[in-house]
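S.K.: Here you go, one structure.
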Amino acid sequence: MQRTILYVPFNASSRGQWTLRRNADLVGQFSTRDEAMRHALTLIAAIRHQPGHSVEIKVEDESGIWRVANTDMADADAGAT
């Protein structure tokens with residue numbers, strides 16, 4: 001099974017970009033954390049439709065601790081029409 005991890009590192013700068021990485025590769029830069037998370041949830045829904053793939057999002061908080069994000073929203077979005 002291929003495992004993918006999407007990373008959203010914390011950004012303390014009010015003018016900086018929030019980045020999204022897929023494993024080590026930069027996926028994009030976003031104006032807000034919410035935009036980065038929405039894009040990550042969209043990617044999760046697409047990746048989960050591929051056989052043999054698992055995926056999760058890890059988000060860094062202001063203390064530098066990485067946590068696995070709740071991705072139930074991605075499952076709900078995938079079923080919406």
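Ligands are numbered from 1 in the order shown, chains are lettered A, B, ... in the order of the structure tokens, and residues start at 1 in each chain.
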Identify, on the basis of only C-alpha atoms, every residue whose closest approach to range 49-55 of chain A does not exceed 7 Å; exclude the query and any residue fewer than 5 positions from it along the same chain; express the result as an NGL selection string.

M.R.: :A and (1-5 or 44)

S.K.: Using N, CA, C and O atoms, can you write the selected residues to a file as a short mmCIF file (atom, residue, chain, number, x, y, z; two decimals), in the first residue's frame?

M.R.:
```
data_model
loop_
_atom_site.label_atom_id
_atom_site.label_comp_id
_atom_site.auth_asym_id
_atom_site.auth_seq_id
_atom_site.Cartn_x
_atom_site.Cartn_y
_atom_site.Cartn_z
N MET A 1 0.84 -1.17 0.00
CA MET A 1 0.00 0.00 0.00
C MET A 1 0.89 1.25 0.00
O MET A 1 1.87 1.33 0.74
N GLN A 2 0.56 2.20 -0.83
CA GLN A 2 1.31 3.46 -0.89
C GLN A 2 0.74 4.44 0.13
O GLN A 2 -0.46 4.68 0.17
N ARG A 3 1.62 5.00 0.96
CA ARG A 3 1.20 5.91 2.01
C ARG A 3 1.62 7.33 1.66
O ARG A 3 2.78 7.57 1.34
N THR A 4 0.68 8.25 1.73
CA THR A 4 0.94 9.65 1.48
C THR A 4 0.61 10.45 2.73
O THR A 4 -0.43 10.21 3.36
N ILE A 5 1.48 11.38 3.08
CA ILE A 5 1.20 12.28 4.19
C ILE A 5 1.25 13.70 3.65
O ILE A 5 2.20 14.10 2.97
N ILE A 44 -6.97 14.71 -0.39
CA ILE A 44 -7.24 13.45 0.32
C ILE A 44 -8.37 12.69 -0.36
O ILE A 44 -8.28 11.49 -0.56
#
```

S.K.: Compile the contact shell of Leu6 in chain A as a count of residues only: residues with an atom at most 12 Å away, counting only C-alpha atoms, same-chain residues fewer than 2 positions apart removed.

M.R.: 36

S.K.: Closest to Asp34 in chain A among A:Ala12, A:Tyr7, A:Gly64, A:Trp18, using only C-alpha atoms?

M.R.: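 For Asp34 in chain A, the nearest of the candidates is A:Trp18.
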
S.K.: Taking the chain letters and numbering used in this document, name the residues of range 14-67 of chain A that DSSP puts in strand (DSSP E), as a list of chain:residue names.

M.R.: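 Selection result, strand (DSSP E) within range 14-67 of chain A: A:Trp18, A:Thr19, A:Leu20, A:Arg21, A:Arg22, A:Asp25, A:Leu26, A:Val27, A:Gly28, A:Gln29, A:Phe30, A:His53, A:Ser54, A:Val55, A:Glu56, A:Ile57, A:Lys58, A:Val59, A:Glu60, A:Trp66, A:Arg67.
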
S.K.: Using DSSP assignments from the backbone, pull out every residue in range 20-77 of chain A that falls under helix (DSSP H, G or I) and give it to me as a VMD selection string.

M.R.: chain A and resid 33 to 48 72 to 77

S.K.: Could you check which of A:Arg48, A:Glu35, A:Asn70, A:Ile65 is closest to Gln17 in chain A, using only C-alpha atoms?

M.R.: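 Ranking A:Arg48, A:Glu35, A:Asn70, A:Ile65 by distance to Gln17 in chain A, first place goes to A:Glu35.
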